[in-house]
Number of protein chains: 2
Amino acid sequence: MKLDDIKKLHQKKYRSQFGHYLVEGEHLVLELQRAAEQQPALRQAELLVTETYADWQSSLKTQLISSKKMAQISDTKTPQGIIAVVPVAPAPANTKADIAVYLHEIQDPGNLGTILRTLAWFGGFRCLLSPGSVDPYNPKVVRASMGAIFHVPIELDVPLDSLGGRFSNIASLDMSGQPLTDPSFQNIDCYVFGNEARGIPHEALNDLNATAFTIPGSGTIESLNLASAVNLCVYERVR
Amino acid sequence: MKLDDIKKLHQKKYRSQFGHYLVEGEHLVLELQRAAEQQPALRQAELLVTETYADWQSSLKTQLISSKKMAQISDTKTPQGIIAVVPVAPAPANTKADIAVYLHEIQDPGNLGTILRTLAWFGGFRCLLSPGSVDPYNPKVVRASMGAIFHVPIELDVPLDSLGGRFSNIASLDMSGQPLTDPSFQNIDCYVFGNEARGIPHEALNDLNATAFTIPGSGTIESLNLASAVNLCVYERVR
């Protein structure tokens with residue numbers, strides 16, 4: 001890609017137009033290289049490095065650029081000097097083996113990054129995002145994912161009402177419902193989680209015949225953090 | 001407190017000198033008022049409100065201030081117009097009923113806030129922080145805790161090597177160890193978690209005869225998020 005186009009990858013519009021996103025810093029680039037060993041699609045990623053990283057070892061195509069150009073591309077105030085331009089890998093078709101986690105209008109980049117980390121840690125999950133969710137290829141999500149973004153199949157703009165045609169046992173996580181430890185929790189093929197502030201749109205869920213589950217608590221506070229709730233459900237599923 | 005002193009509560013030094021911290025915004029102040037119904041110490045909190053909140057209902061002592069003064073005290077660019085000055089509640093002595101979560105040099109305010117939320121959600125836990133940890137009364141932690149800070153007993157500056165004299169079964173969460181599902185996990189009275197980047201200082205743990213536990217994963221990525229790891233351990237303990 002041309003440098004002028006690469007700069008535009010800070011904007012969601014251009015990430016989706018060009019099908020690429022940016023991965024910044026030594027740690028994330030190492031994770032990318034490690035992932036590329038297993039995943040041929042990631043071998044199309046390209047590195048941009050400044051003089052500081054002129055000796056960087058990589059089998060990825062690498063281009064040396066000036067610090068000034070790096071500053072224009074970087075998302076941070078003091079760029080480390082190493083950025084990868086990574087193609088968005090289309091999620092492979094889902095199989096019976098993988099379990100879907102559907103996030104409805106998730107907003108917080110840190111939450112989404114943390115959730116991807118949990119899904120990659122346990123393995124066997126895919127992440128479906130509703131329209132209006134934060135973009136997973138946003139640099140803050142990529143950073144919070146600590147490289148997990150390279151390992152989790154992600155589908156964008158999946159409408160909530162499309163789940164019924166695709167999954168046979170849908171669960172919603174809610175303030176009331178059966179406890180996670182109920183054996184029926186293990187038969188679910190799609191777990192639906194609501195937005196951080198507004199929760200889940202109940203009417204749409206009724207149409208999907210979703211079973212409500214809840215994480216039993218002490219009742220002291222209103223809610224768990226969204227990423228924590230996903231985390232516990234995923235753990236309970238694979239435990 | 002005088003307004004000039006209240007302004008200083010943005011700095012950790014003064015929070016610890018004055019024994020007070022700031023709680024900003026309608027949602028958190030509501031959580032504070034709800035918590036104050038159960039906890040007499042929190043009834044000493046004082047509210048500062050601008051004209052916008054002149055009709056705010058509260059049994060807490062309330063002072064009307066100008067928008068200009070509010071802007072000087074507020075942590076945000078566009079203050080909502082309602083802030084509470086809250087006394088730091090000393091943690092009650094720990095009993096056999098509560099389980100300690102020890103965080104060694106935790107740095108990320110969002111992680112600590114999320115962890116407090118998890119501990120409050122399940123109940124029966126206290127949070128011990130090592131020297132060099134992020135201050136739990138930092139506005140970012142308070143915000144991320146979503147009010148959980150009012151419900152979890154917190155102890156500051158607890159040295160790692162003091163745990164041996166106080167707890168009889170210490171666990172450390174690590175990259176290798178027994179799985180959480182091992183029955184011995186239920187006998188632990190203090191769970192130790194390491195810093196986000198550096199993990200746990202192993203020598204100190206050896207001196208404490210800590211048992212290492214691990215969260216089994218797919219091996220795809222290096223680590224779980226710290227708050228996610230705490231979350232799973234707490235869940236496994238109360239499940």
# chains A, B, ... in the order shown; residues from 1 in each chain; ligands from 1
>>> residues_around(residues="Lys12 in chain B", least_positions_apart="2", cutoff="8 Å", atoms="only C-alpha atoms", output="list of chain:residue names")
B:Leu9, B:His10, B:Tyr14, B:Arg15, B:Ser16, B:Asp135, B:Tyr137, B:Asn138
>>> write_last_selection(atoms="N, CA and C atoms", output="PDB file, in the first residue's frame")
ATOM      1  N   LEU B   9      -7.133  17.090  45.943  1.00  0.00           N
ATOM      2  CA  LEU B   9      -7.418  15.652  46.005  1.00  0.00           C
ATOM      3  C   LEU B   9      -7.188  14.931  44.674  1.00  0.00           C
ATOM      4  N   HIS B  10      -6.822  15.690  43.647  1.00  0.00           N
ATOM      5  CA  HIS B  10      -6.407  15.041  42.398  1.00  0.00           C
ATOM      6  C   HIS B  10      -5.067  14.357  42.539  1.00  0.00           C
ATOM      7  N   TYR B  14      -2.072  14.154  48.477  1.00  0.00           N
ATOM      8  CA  TYR B  14      -3.063  14.854  49.307  1.00  0.00           C
ATOM      9  C   TYR B  14      -4.246  13.952  49.666  1.00  0.00           C
ATOM     10  N   ARG B  15      -4.583  13.024  48.762  1.00  0.00           N
ATOM     11  CA  ARG B  15      -5.646  12.082  49.129  1.00  0.00           C
ATOM     12  C   ARG B  15      -5.236  11.314  50.368  1.00  0.00           C
ATOM     13  N   SER B  16      -3.960  10.922  50.408  1.00  0.00           N
ATOM     14  CA  SER B  16      -3.566  10.132  51.569  1.00  0.00           C
ATOM     15  C   SER B  16      -3.385  11.042  52.790  1.00  0.00           C
ATOM     16  N   ASP B 135      -3.142   3.843  42.832  1.00  0.00           N
ATOM     17  CA  ASP B 135      -3.976   4.243  43.959  1.00  0.00           C
ATOM     18  C   ASP B 135      -5.456   3.957  43.656  1.00  0.00           C
ATOM     19  N   TYR B 137      -7.976   5.175  44.885  1.00  0.00           N
ATOM     20  CA  TYR B 137      -8.808   6.376  45.002  1.00  0.00           C
ATOM     21  C   TYR B 137      -8.542   7.374  43.878  1.00  0.00           C
ATOM     22  N   ASN B 138      -7.715   6.964  42.921  1.00  0.00           N
ATOM     23  CA  ASN B 138      -7.486   7.678  41.670  1.00  0.00           C
ATOM     24  C   ASN B 138      -8.839   7.734  40.928  1.00  0.00           C
TER      25      ASN B 138
END
>>> closest_atom_pairs(of="chain A", to="chain B", cutoff="7 Å", atoms="only C-alpha atoms", output="tab-separated table")
residue	atom	partner	partner_atom	distance
A:Thr114	CA	B:Asn225	CA	6.3
A:Arg117	CA	B:Leu224	CA	6.2
A:Thr118	CA	B:Leu224	CA	6.2
A:Ala120	CA	B:Thr220	CA	6.4
A:Trp121	CA	B:Gly217	CA	5.3
A:Phe122	CA	B:Gly217	CA	4.8
A:Gly123	CA	B:Ser218	CA	5.6
A:Ala148	CA	B:Ile221	CA	6.6
A:Gly217	CA	B:Phe122	CA	4.8
A:Ser218	CA	B:Phe122	CA	5.2
A:Gly219	CA	B:Trp121	CA	6.7
A:Thr220	CA	B:Trp121	CA	6.3
A:Ile221	CA	B:Trp121	CA	6.0
A:Leu224	CA	B:Arg117	CA	6.2
A:Asn225	CA	B:Thr114	CA	6.3
A:Ser228	CA	B:Ser228	CA	6.2
A:Asn231	CA	B:Ser228	CA	6.5
A:Leu232	CA	B:Leu232	CA	6.2
>>> select_by_dssp(residues="range 9-219 of chain A", states="strand (DSSP E)", output="ChimeraX atom specification")
/A:20-24,46-49,61-64,82-87,99-103,125-129,154-155,170-179,190-193,211-214
>>> write_last_selection(atoms="C-alpha atoms", output="PDB file, in the first residue's frame")
ATOM      1  CA  HIS A  20      -6.157  -3.421   6.201  1.00  0.00           C
ATOM      2  CA  TYR A  21      -5.365  -2.179   9.703  1.00  0.00           C
ATOM      3  CA  LEU A  22      -2.333  -1.005  11.638  1.00  0.00           C
ATOM      4  CA  VAL A  23      -0.442  -2.886  14.312  1.00  0.00           C
ATOM      5  CA  GLU A  24       2.029  -0.771  16.208  1.00  0.00           C
ATOM      6  CA  GLU A  46       4.012  -5.440   5.544  1.00  0.00           C
ATOM      7  CA  LEU A  47       6.319  -3.774   8.007  1.00  0.00           C
ATOM      8  CA  LEU A  48       7.291  -0.128   8.144  1.00  0.00           C
ATOM      9  CA  VAL A  49      10.327   0.593  10.276  1.00  0.00           C
ATOM     10  CA  LYS A  61       8.112  -7.504   3.496  1.00  0.00           C
ATOM     11  CA  THR A  62       9.824  -4.595   5.229  1.00  0.00           C
ATOM     12  CA  GLN A  63      10.204  -0.949   4.221  1.00  0.00           C
ATOM     13  CA  LEU A  64      12.499   1.595   5.861  1.00  0.00           C
ATOM     14  CA  ILE A  82       7.780  -0.182  13.961  1.00  0.00           C
ATOM     15  CA  ILE A  83       4.320  -0.617  12.445  1.00  0.00           C
ATOM     16  CA  ALA A  84       2.714  -3.414  10.451  1.00  0.00           C
ATOM     17  CA  VAL A  85       0.022  -2.972   7.843  1.00  0.00           C
ATOM     18  CA  VAL A  86      -2.084  -6.098   8.235  1.00  0.00           C
ATOM     19  CA  PRO A  87      -4.793  -7.493   5.949  1.00  0.00           C
ATOM     20  CA  ILE A  99     -18.975 -21.459  19.699  1.00  0.00           C
ATOM     21  CA  ALA A 100     -20.177 -17.945  18.938  1.00  0.00           C
ATOM     22  CA  VAL A 101     -19.992 -14.974  21.288  1.00  0.00           C
ATOM     23  CA  TYR A 102     -22.265 -12.224  19.972  1.00  0.00           C
ATOM     24  CA  LEU A 103     -21.642  -8.693  21.266  1.00  0.00           C
ATOM     25  CA  PHE A 125     -14.716 -19.399  19.993  1.00  0.00           C
ATOM     26  CA  ARG A 126     -15.620 -16.858  17.343  1.00  0.00           C
ATOM     27  CA  CYS A 127     -16.619 -13.237  17.911  1.00  0.00           C
ATOM     28  CA  LEU A 128     -19.690 -11.782  16.182  1.00  0.00           C
ATOM     29  CA  LEU A 129     -20.178  -8.029  16.380  1.00  0.00           C
ATOM     30  CA  ILE A 154     -14.282 -12.086  13.849  1.00  0.00           C
ATOM     31  CA  GLU A 155     -17.447 -11.258  11.921  1.00  0.00           C
ATOM     32  CA  ILE A 170     -29.106 -19.089  21.727  1.00  0.00           C
ATOM     33  CA  ALA A 171     -28.412 -17.772  25.227  1.00  0.00           C
ATOM     34  CA  SER A 172     -28.601 -14.226  26.510  1.00  0.00           C
ATOM     35  CA  LEU A 173     -26.714 -13.056  29.564  1.00  0.00           C
ATOM     36  CA  ASP A 174     -28.964 -10.965  31.697  1.00  0.00           C
ATOM     37  CA  MET A 175     -29.836  -9.696  35.195  1.00  0.00           C
ATOM     38  CA  SER A 176     -32.131 -12.637  35.792  1.00  0.00           C
ATOM     39  CA  GLY A 177     -32.236 -16.134  34.359  1.00  0.00           C
ATOM     40  CA  GLN A 178     -30.877 -19.575  35.074  1.00  0.00           C
ATOM     41  CA  PRO A 179     -27.458 -19.825  36.707  1.00  0.00           C
ATOM     42  CA  CYS A 190     -24.385 -18.661  20.508  1.00  0.00           C
ATOM     43  CA  TYR A 191     -24.052 -16.484  23.634  1.00  0.00           C
ATOM     44  CA  VAL A 192     -25.463 -12.956  23.314  1.00  0.00           C
ATOM     45  CA  PHE A 193     -24.192 -10.056  25.451  1.00  0.00           C
ATOM     46  CA  THR A 211     -32.656 -18.687  27.046  1.00  0.00           C
ATOM     47  CA  ALA A 212     -31.702 -16.154  29.709  1.00  0.00           C
ATOM     48  CA  PHE A 213     -28.781 -16.985  31.976  1.00  0.00           C
ATOM     49  CA  THR A 214     -27.380 -14.952  34.831  1.00  0.00           C
TER      50      THR A 214
END
>>> residues_around(residues="Asp4 in chain A", least_positions_apart="5", cutoff="10 Å", atoms="only C-alpha atoms", output="short mmCIF file (atom, residue, chain, number, x, y, z; two decimals) with C-alpha atoms, in the first residue's frame")
data_model
loop_
_atom_site.label_atom_id
_atom_site.label_comp_id
_atom_site.auth_asym_id
_atom_site.auth_seq_id
_atom_site.Cartn_x
_atom_site.Cartn_y
_atom_site.Cartn_z
CA LEU A 9 -6.03 3.54 8.14
CA LYS A 69 6.77 9.68 8.01
CA GLN A 72 2.42 10.74 10.51
CA ILE A 73 1.36 7.09 10.46
#
>>> closest_residue(among="A:His104, A:Lys96, A:Lys8, A:Lys140", to="Asn187 in chain A", atoms="only C-alpha atoms")
A:Lys96
>>> residues_around(residues="Gly164 in chain A", least_positions_apart="3", cutoff="9 Å", atoms="only C-alpha atoms", output="PyMOL selection string")
chain A and resi 160-161+167-170+207-209
